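As provided, coords11.tsv (TSV, C-alpha atoms) reads as follows.
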```tsv
chain	number	residue	atom	x	y	z
A	1	LYS	CA	-2.32	24.75	-84.63
A	2	LEU	CA	-5.70	23.75	-86.11
A	3	ILE	CA	-6.29	21.21	-83.32
A	4	VAL	CA	-5.28	23.70	-80.61
A	5	MET	CA	-7.51	26.48	-81.98
A	6	ARG	CA	-10.45	24.12	-82.31
A	7	ARG	CA	-9.99	23.01	-78.72
A	8	LEU	CA	-9.89	26.61	-77.51
A	9	VAL	CA	-13.13	27.40	-79.33
A	10	SER	CA	-14.72	24.24	-77.92
A	11	ILE	CA	-13.57	25.10	-74.41
A	12	SER	CA	-15.05	28.60	-74.74
A	13	GLY	CA	-18.32	27.07	-75.90
A	14	ASN	CA	-18.39	24.50	-73.11
A	15	ILE	CA	-17.73	27.12	-70.43
A	16	SER	CA	-20.47	29.34	-71.83
A	17	THR	CA	-23.02	26.50	-71.56
A	18	ILE	CA	-22.59	26.09	-67.80
A	19	PRO	CA	-26.06	26.84	-66.33
A	20	THR	CA	-24.68	29.29	-63.75
A	21	ASN	CA	-22.81	31.24	-66.43
A	22	LYS	CA	-25.17	33.78	-68.01
A	23	ASN	CA	-22.47	35.18	-70.36
A	24	ILE	CA	-23.90	38.70	-69.95
A	25	THR	CA	-20.67	40.36	-68.87
A	26	GLU	CA	-18.87	38.91	-71.90
A	27	ARG	CA	-21.23	40.54	-74.41
A	28	GLU	CA	-19.29	43.79	-74.82
A	29	THR	CA	-16.14	41.87	-75.70
A	30	CYS	CA	-18.10	39.70	-78.13
A	31	TYR	CA	-19.58	42.76	-79.85
A	32	LYS	CA	-16.13	44.25	-80.31
A	33	ILE	CA	-14.70	41.03	-81.74
A	34	ILE	CA	-17.57	40.49	-84.17
A	35	ILE	CA	-17.40	44.05	-85.49
A	36	GLU	CA	-13.64	44.59	-85.52
A	37	SER	CA	-11.78	41.27	-85.59
A	38	LYS	CA	-10.77	39.28	-88.65
A	39	SER	CA	-9.54	36.32	-86.61
A	40	CYS	CA	-11.78	33.40	-87.54
A	41	TYR	CA	-11.37	31.55	-84.25
A	42	MET	CA	-11.93	34.65	-82.11
A	43	ILE	CA	-15.10	35.36	-84.09
A	44	ALA	CA	-16.23	31.74	-83.73
A	45	ALA	CA	-15.79	31.84	-79.94
A	46	ALA	CA	-17.54	35.22	-79.69
A	47	LEU	CA	-20.54	33.98	-81.69
A	48	ILE	CA	-20.94	30.88	-79.51
A	49	ILE	CA	-20.66	32.82	-76.24
A	50	LEU	CA	-23.06	35.51	-77.45
A	51	SER	CA	-25.54	32.92	-78.69
A	52	ASN	CA	-25.40	31.10	-75.36
A	53	SER	CA	-26.20	34.37	-73.57
A	54	ILE	CA	-29.66	34.40	-75.19
A	55	ASN	CA	-32.36	33.02	-72.90
A	56	SER	CA	-35.28	35.34	-73.58
A	57	LYS	CA	-36.74	37.88	-75.99
A	58	SER	CA	-35.22	40.69	-73.94
A	59	ASP	CA	-31.77	39.17	-74.53
A	60	VAL	CA	-32.46	39.22	-78.27
A	61	ASN	CA	-33.54	42.85	-78.10
A	62	ASP	CA	-30.46	43.83	-76.08
A	63	ILE	CA	-28.11	42.23	-78.60
A	64	LEU	CA	-29.90	43.76	-81.59
A	65	LYS	CA	-29.35	47.19	-80.05
A	66	GLU	CA	-25.61	46.61	-80.44
A	67	LEU	CA	-25.41	44.44	-83.57
A	68	THR	CA	-27.40	44.18	-86.77
A	69	LEU	CA	-28.06	40.96	-88.63
A	70	SER	CA	-25.76	42.29	-91.33
A	71	ASP	CA	-22.91	42.63	-88.80
A	72	ILE	CA	-23.20	38.90	-88.13
A	73	ILE	CA	-23.88	37.73	-91.68
A	74	VAL	CA	-20.74	39.39	-93.10
A	75	VAL	CA	-18.37	37.63	-90.70
A	76	ALA	CA	-18.86	34.61	-92.96
A	77	ASN	CA	-16.07	36.25	-95.00
A	78	TYR	CA	-13.63	35.24	-92.27
A	79	ILE	CA	-14.87	31.73	-91.51
A	80	LYS	CA	-12.30	29.20	-92.69
A	81	ASP	CA	-12.92	26.16	-90.50
A	82	PRO	CA	-16.30	24.34	-90.66
A	83	LEU	CA	-16.28	24.11	-86.86
A	84	GLU	CA	-16.71	27.88	-86.76
A	85	TYR	CA	-20.17	27.70	-88.34
A	86	GLN	CA	-21.82	26.44	-85.13
A	87	GLY	CA	-22.16	29.79	-83.38
A	88	TYR	CA	-22.88	31.57	-86.67
A	89	LEU	CA	-25.85	29.33	-87.48
A	90	ASP	CA	-27.21	29.26	-83.95
A	91	ILE	CA	-27.16	32.97	-83.21
A	92	LEU	CA	-28.67	33.95	-86.56
A	93	ARG	CA	-31.59	31.58	-85.93
A	94	LYS	CA	-32.17	33.19	-82.54
A	95	LEU	CA	-31.92	36.79	-83.76
A	96	ILE	CA	-33.67	36.80	-87.13
A	97	ASN	CA	-37.35	37.72	-87.20
A	98	ILE	CA	-39.93	39.19	-89.57
A	99	ARG	CA	-39.08	42.77	-88.61
A	100	ASN	CA	-35.33	42.65	-89.12
A	101	ALA	CA	-35.40	40.18	-92.04
A	102	MET	CA	-37.18	42.74	-94.20
A	103	LEU	CA	-34.27	45.15	-93.66
A	104	LEU	CA	-31.67	42.80	-95.13
A	105	THR	CA	-30.12	43.95	-98.39
A	106	ASN	CA	-29.93	41.72	-101.47
A	107	ASP	CA	-26.20	41.30	-100.79
A	108	ASN	CA	-26.96	40.16	-97.23
A	109	VAL	CA	-29.49	37.60	-98.45
A	110	VAL	CA	-27.16	36.25	-101.13
A	111	MET	CA	-24.25	35.95	-98.68
A	112	LEU	CA	-26.44	34.23	-96.11
A	113	PHE	CA	-27.77	31.60	-98.51
A	114	SER	CA	-24.37	31.15	-100.12
A	115	THR	CA	-22.84	30.58	-96.69
A	116	LEU	CA	-25.52	28.00	-95.86
A	117	ALA	CA	-24.85	26.23	-99.17
A	118	SER	CA	-21.11	26.14	-98.46
A	119	CYS	CA	-21.69	25.00	-94.90
A	120	SER	CA	-23.99	22.22	-96.12
A	121	LYS	CA	-21.09	20.69	-98.05
A	122	GLN	CA	-19.22	20.23	-94.77
A	123	THR	CA	-21.92	18.17	-93.07
A	124	GLN	CA	-20.35	14.92	-94.23
A	125	PHE	CA	-17.39	15.78	-91.96
A	126	PHE	CA	-19.41	17.63	-89.28
A	127	PRO	CA	-22.86	15.96	-89.10
A	128	SER	CA	-23.84	18.15	-86.15
A	129	LEU	CA	-24.07	21.12	-88.50
A	130	SER	CA	-26.93	19.57	-90.45
A	131	ASP	CA	-29.60	20.21	-87.81
A	132	LEU	CA	-28.36	23.79	-87.27
A	133	ILE	CA	-28.56	24.46	-91.01
A	134	GLU	CA	-32.03	22.96	-91.27
A	135	ARG	CA	-33.46	24.95	-88.38
A	136	LEU	CA	-31.97	28.25	-89.56
A	137	LEU	CA	-32.95	27.69	-93.18
A	138	LYS	CA	-36.59	27.01	-92.34
A	139	LYS	CA	-36.80	30.14	-90.23
A	140	ILE	CA	-35.09	32.32	-92.83
A	141	ILE	CA	-37.46	31.25	-95.59
A	142	VAL	CA	-40.49	31.86	-93.36
A	143	VAL	CA	-39.47	35.36	-92.21
A	144	LEU	CA	-37.94	36.73	-95.42
A	145	PRO	CA	-40.25	38.80	-97.65
A	146	SER	CA	-41.37	36.91	-100.74
A	147	GLY	CA	-39.70	39.53	-102.93
A	148	SER	CA	-36.30	38.68	-101.43
A	149	ILE	CA	-36.76	35.00	-102.30
A	150	VAL	CA	-37.84	35.86	-105.85
A	151	ARG	CA	-34.79	38.10	-106.38
A	152	LEU	CA	-32.51	35.43	-104.95
A	153	LEU	CA	-33.73	32.76	-107.36
A	154	ASP	CA	-34.50	34.83	-110.45
A	155	GLN	CA	-31.76	33.82	-112.89
A	156	LYS	CA	-32.15	37.07	-114.81
A	157	ASN	CA	-30.49	38.79	-111.86
A	158	GLU	CA	-27.31	36.70	-112.32
A	159	LEU	CA	-26.46	36.84	-108.63
A	160	PRO	CA	-23.21	35.34	-107.28
A	161	HIS	CA	-23.40	31.62	-106.43
A	162	GLN	CA	-26.98	31.51	-107.68
A	163	GLU	CA	-26.86	28.03	-109.19
A	164	GLU	CA	-25.19	26.70	-106.05
A	165	ILE	CA	-27.94	28.24	-103.91
A	166	ILE	CA	-30.74	26.84	-106.09
A	167	ASP	CA	-29.20	23.36	-106.00
A	168	PHE	CA	-28.74	23.64	-102.23
A	169	LEU	CA	-32.42	24.44	-101.71
A	170	THR	CA	-33.83	21.85	-104.09
A	171	ASP	CA	-31.50	19.08	-102.91
A	172	ARG	CA	-32.78	19.28	-99.34
A	173	ASP	CA	-35.98	17.68	-98.12
A	174	SER	CA	-39.28	18.42	-99.82
A	175	PHE	CA	-40.50	20.62	-96.97
A	176	ILE	CA	-37.85	23.24	-97.75
A	177	SER	CA	-38.96	23.36	-101.39
A	178	CYS	CA	-42.58	23.68	-100.21
A	179	LEU	CA	-41.67	26.70	-98.09
A	180	VAL	CA	-39.84	28.30	-101.00
A	181	MET	CA	-42.70	27.57	-103.40
A	182	ASN	CA	-45.18	29.14	-100.99
A	183	LYS	CA	-43.14	32.36	-101.00
A	184	LEU	CA	-42.95	32.40	-104.79
A	185	LEU	CA	-46.68	31.80	-105.21
A	186	VAL	CA	-47.64	34.80	-103.05
A	187	ALA	CA	-45.08	37.12	-104.68
A	188	ARG	CA	-46.16	39.65	-107.25
A	189	GLN	CA	-43.21	38.90	-109.52
A	190	GLU	CA	-43.09	35.97	-111.89
A	191	THR	CA	-40.61	33.16	-111.40
A	192	SER	CA	-38.91	31.40	-114.29
A	193	GLN	CA	-40.35	28.04	-115.31
A	194	ALA	CA	-36.93	26.45	-114.89
A	195	ILE	CA	-36.86	27.31	-111.18
A	196	LEU	CA	-40.45	26.25	-110.65
A	197	SER	CA	-39.75	22.91	-112.35
A	198	LYS	CA	-36.80	22.23	-110.04
A	199	LEU	CA	-38.93	23.05	-107.02
A	200	TRP	CA	-41.83	20.85	-108.15
A	201	ASP	CA	-39.40	18.00	-108.81
A	202	SER	CA	-38.03	18.41	-105.31
A	203	ILE	CA	-41.49	18.62	-103.73
A	204	PHE	CA	-42.66	15.41	-105.36
A	205	LYS	CA	-39.46	13.41	-105.22
A	206	LEU	CA	-39.63	10.08	-103.43
A	207	GLN	CA	-37.96	10.12	-100.05
A	208	ASP	CA	-35.70	7.32	-98.90
A	209	GLY	CA	-37.68	4.64	-97.13
A	210	ILE	CA	-41.01	5.52	-98.75
```
Starting from the coordinates I provided, produce the structure as structure tokens.
Amino acid sequence: KLIVMRRLVSISGNISTIPTNKNITERETCYKIIIESKSCYMIAAALIILSNSINSKSDVNDILKELTLSDIIVVANYIKDPLEYQGYLDILRKLINIRNAMLLTNDNVVMLFSTLASCSKQTQFFPSLSDLIERLLKKIIVVLPSGSIVRLLDQKNELPHQEEIIDFLTDRDSFISCLVMNKLLVARQETSQAILSKLWDSIFKLQDGI
């Protein structure tokens, strides 16, 4: 069943990438699935098709009239198969911007970073996810308000999966830690020395091949 469902999702994705297929007429069905369905493979197919329907800023605006970022972020609760992350990562990167990122709740931010951390663990089996994670992560850190990053990492808040998220960020390349550090430095709240030390260690760690 796993193989069959994966093939169906892949077929849906392949069809939606055909240049002559704009995927516009399928949007209403995708909206309904994302909001109402709990079927992981239906959601995965809907996310890929909807993401492939985006070719301009007007497409982004049209979709954001029907769905919020939160609507998409929370479907991570139903993702069971790593293959299903592809559409999730791609469409969030295309939709998130400075204006809507500032409207995300703390719960949204925690779920998003926790999902990225969990997804990152699957890259050894699905290497293609790595680039999608990297591109989305960089954009998220850039567009999120500095206060959201501070709250996410402040250990006094005792947020779910916090240690996992901190390790995920500091274990990636130094550029990610630089982006995070930049947000913390411009924030009005203080950051614990323990977090800053991890970030500095990541920033100055020697990269393979250097």
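Coordinates place atom CA of Asn106 of chain A at a distance of 28.8 Å from atom CA of Glu28 of chain A.
Distance-wise, atom CA of Thr170 of chain A and atom CA of Leu95 of chain A end up 25.3 Å apart.
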Starting from the point (-35.4, 28.9, -91.7), work out which residues of protein, DNA or RNA have an atom no more than 12 Å away when counting all atoms listed in the file; state them as a PDB file with C-alpha atoms, keeping the file's coordinate frame.
```
ATOM      1  CA  LEU A  89     -25.850  29.330 -87.480  1.00  0.00           C
ATOM      2  CA  ASP A  90     -27.210  29.260 -83.950  1.00  0.00           C
ATOM      3  CA  LEU A  92     -28.670  33.950 -86.560  1.00  0.00           C
ATOM      4  CA  ARG A  93     -31.590  31.580 -85.930  1.00  0.00           C
ATOM      5  CA  LYS A  94     -32.170  33.190 -82.540  1.00  0.00           C
ATOM      6  CA  LEU A  95     -31.920  36.790 -83.760  1.00  0.00           C
ATOM      7  CA  ILE A  96     -33.670  36.800 -87.130  1.00  0.00           C
ATOM      8  CA  ASN A  97     -37.350  37.720 -87.200  1.00  0.00           C
ATOM      9  CA  ILE A  98     -39.930  39.190 -89.570  1.00  0.00           C
ATOM     10  CA  ALA A 101     -35.400  40.180 -92.040  1.00  0.00           C
ATOM     11  CA  LEU A 112     -26.440  34.230 -96.110  1.00  0.00           C
ATOM     12  CA  PHE A 113     -27.770  31.600 -98.510  1.00  0.00           C
ATOM     13  CA  LEU A 116     -25.520  28.000 -95.860  1.00  0.00           C
ATOM     14  CA  ASP A 131     -29.600  20.210 -87.810  1.00  0.00           C
ATOM     15  CA  LEU A 132     -28.360  23.790 -87.270  1.00  0.00           C
ATOM     16  CA  ILE A 133     -28.560  24.460 -91.010  1.00  0.00           C
ATOM     17  CA  GLU A 134     -32.030  22.960 -91.270  1.00  0.00           C
ATOM     18  CA  ARG A 135     -33.460  24.950 -88.380  1.00  0.00           C
ATOM     19  CA  LEU A 136     -31.970  28.250 -89.560  1.00  0.00           C
ATOM     20  CA  LEU A 137     -32.950  27.690 -93.180  1.00  0.00           C
ATOM     21  CA  LYS A 138     -36.590  27.010 -92.340  1.00  0.00           C
ATOM     22  CA  LYS A 139     -36.800  30.140 -90.230  1.00  0.00           C
ATOM     23  CA  ILE A 140     -35.090  32.320 -92.830  1.00  0.00           C
ATOM     24  CA  ILE A 141     -37.460  31.250 -95.590  1.00  0.00           C
ATOM     25  CA  VAL A 142     -40.490  31.860 -93.360  1.00  0.00           C
ATOM     26  CA  VAL A 143     -39.470  35.360 -92.210  1.00  0.00           C
ATOM     27  CA  LEU A 144     -37.940  36.730 -95.420  1.00  0.00           C
ATOM     28  CA  LEU A 169     -32.420  24.440-101.710  1.00  0.00           C
ATOM     29  CA  PHE A 175     -40.500  20.620 -96.970  1.00  0.00           C
ATOM     30  CA  ILE A 176     -37.850  23.240 -97.750  1.00  0.00           C
ATOM     31  CA  SER A 177     -38.960  23.360-101.390  1.00  0.00           C
ATOM     32  CA  LEU A 179     -41.670  26.700 -98.090  1.00  0.00           C
ATOM     33  CA  VAL A 180     -39.840  28.300-101.000  1.00  0.00           C
TER      34      VAL A 180
END
```
What would the list of residues within 10 Å of (-29.5, 32.4, -107.6) (file frame) look like as a PDB file with C-alpha atoms, in the frame of the given file, if all atoms listed in the file are what count?
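Wrote it out as point-v2.pdb, contents follow:
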```
ATOM      1  CA  VAL A 110     -27.160  36.250-101.130  1.00  0.00           C
ATOM      2  CA  PHE A 113     -27.770  31.600 -98.510  1.00  0.00           C
ATOM      3  CA  SER A 114     -24.370  31.150-100.120  1.00  0.00           C
ATOM      4  CA  ILE A 149     -36.760  35.000-102.300  1.00  0.00           C
ATOM      5  CA  VAL A 150     -37.840  35.860-105.850  1.00  0.00           C
ATOM      6  CA  ARG A 151     -34.790  38.100-106.380  1.00  0.00           C
ATOM      7  CA  LEU A 152     -32.510  35.430-104.950  1.00  0.00           C
ATOM      8  CA  LEU A 153     -33.730  32.760-107.360  1.00  0.00           C
ATOM      9  CA  ASP A 154     -34.500  34.830-110.450  1.00  0.00           C
ATOM     10  CA  GLN A 155     -31.760  33.820-112.890  1.00  0.00           C
ATOM     11  CA  LYS A 156     -32.150  37.070-114.810  1.00  0.00           C
ATOM     12  CA  ASN A 157     -30.490  38.790-111.860  1.00  0.00           C
ATOM     13  CA  GLU A 158     -27.310  36.700-112.320  1.00  0.00           C
ATOM     14  CA  LEU A 159     -26.460  36.840-108.630  1.00  0.00           C
ATOM     15  CA  PRO A 160     -23.210  35.340-107.280  1.00  0.00           C
ATOM     16  CA  HIS A 161     -23.400  31.620-106.430  1.00  0.00           C
ATOM     17  CA  GLN A 162     -26.980  31.510-107.680  1.00  0.00           C
ATOM     18  CA  GLU A 163     -26.860  28.030-109.190  1.00  0.00           C
ATOM     19  CA  GLU A 164     -25.190  26.700-106.050  1.00  0.00           C
ATOM     20  CA  ILE A 165     -27.940  28.240-103.910  1.00  0.00           C
ATOM     21  CA  ILE A 166     -30.740  26.840-106.090  1.00  0.00           C
ATOM     22  CA  ASP A 167     -29.200  23.360-106.000  1.00  0.00           C
ATOM     23  CA  ILE A 195     -36.860  27.310-111.180  1.00  0.00           C
TER      24      ILE A 195
END
```
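Here atom CA of Leu185 of chain A and atom CA of Ser146 of chain A stand 8.6 Å from one another.
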Edge lengths and centre, in Å to one decimal, as AutoDock Vina command-line options: that's what I need for the box along x, y and z that holds all listed atoms of segment 121-140 of chain A plus 3 Å on each side.
```
--center_x -27.1 --center_y 23.6 --center_z -92.1 --size_x 25.4 --size_y 23.4 --size_z 17.9
```
With distances taken over all atoms listed in the file, which residue among A:Leu67, A:Arg7, A:Ser148, A:Thr17 lies nearest Asp107 of chain A?
A:Ser148
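Shortest atom-to-atom contact with Ser51 of chain A among A:Glu190, A:Asp173, A:Glu36, A:Glu26: A:Glu26, counting all atoms listed in the file.
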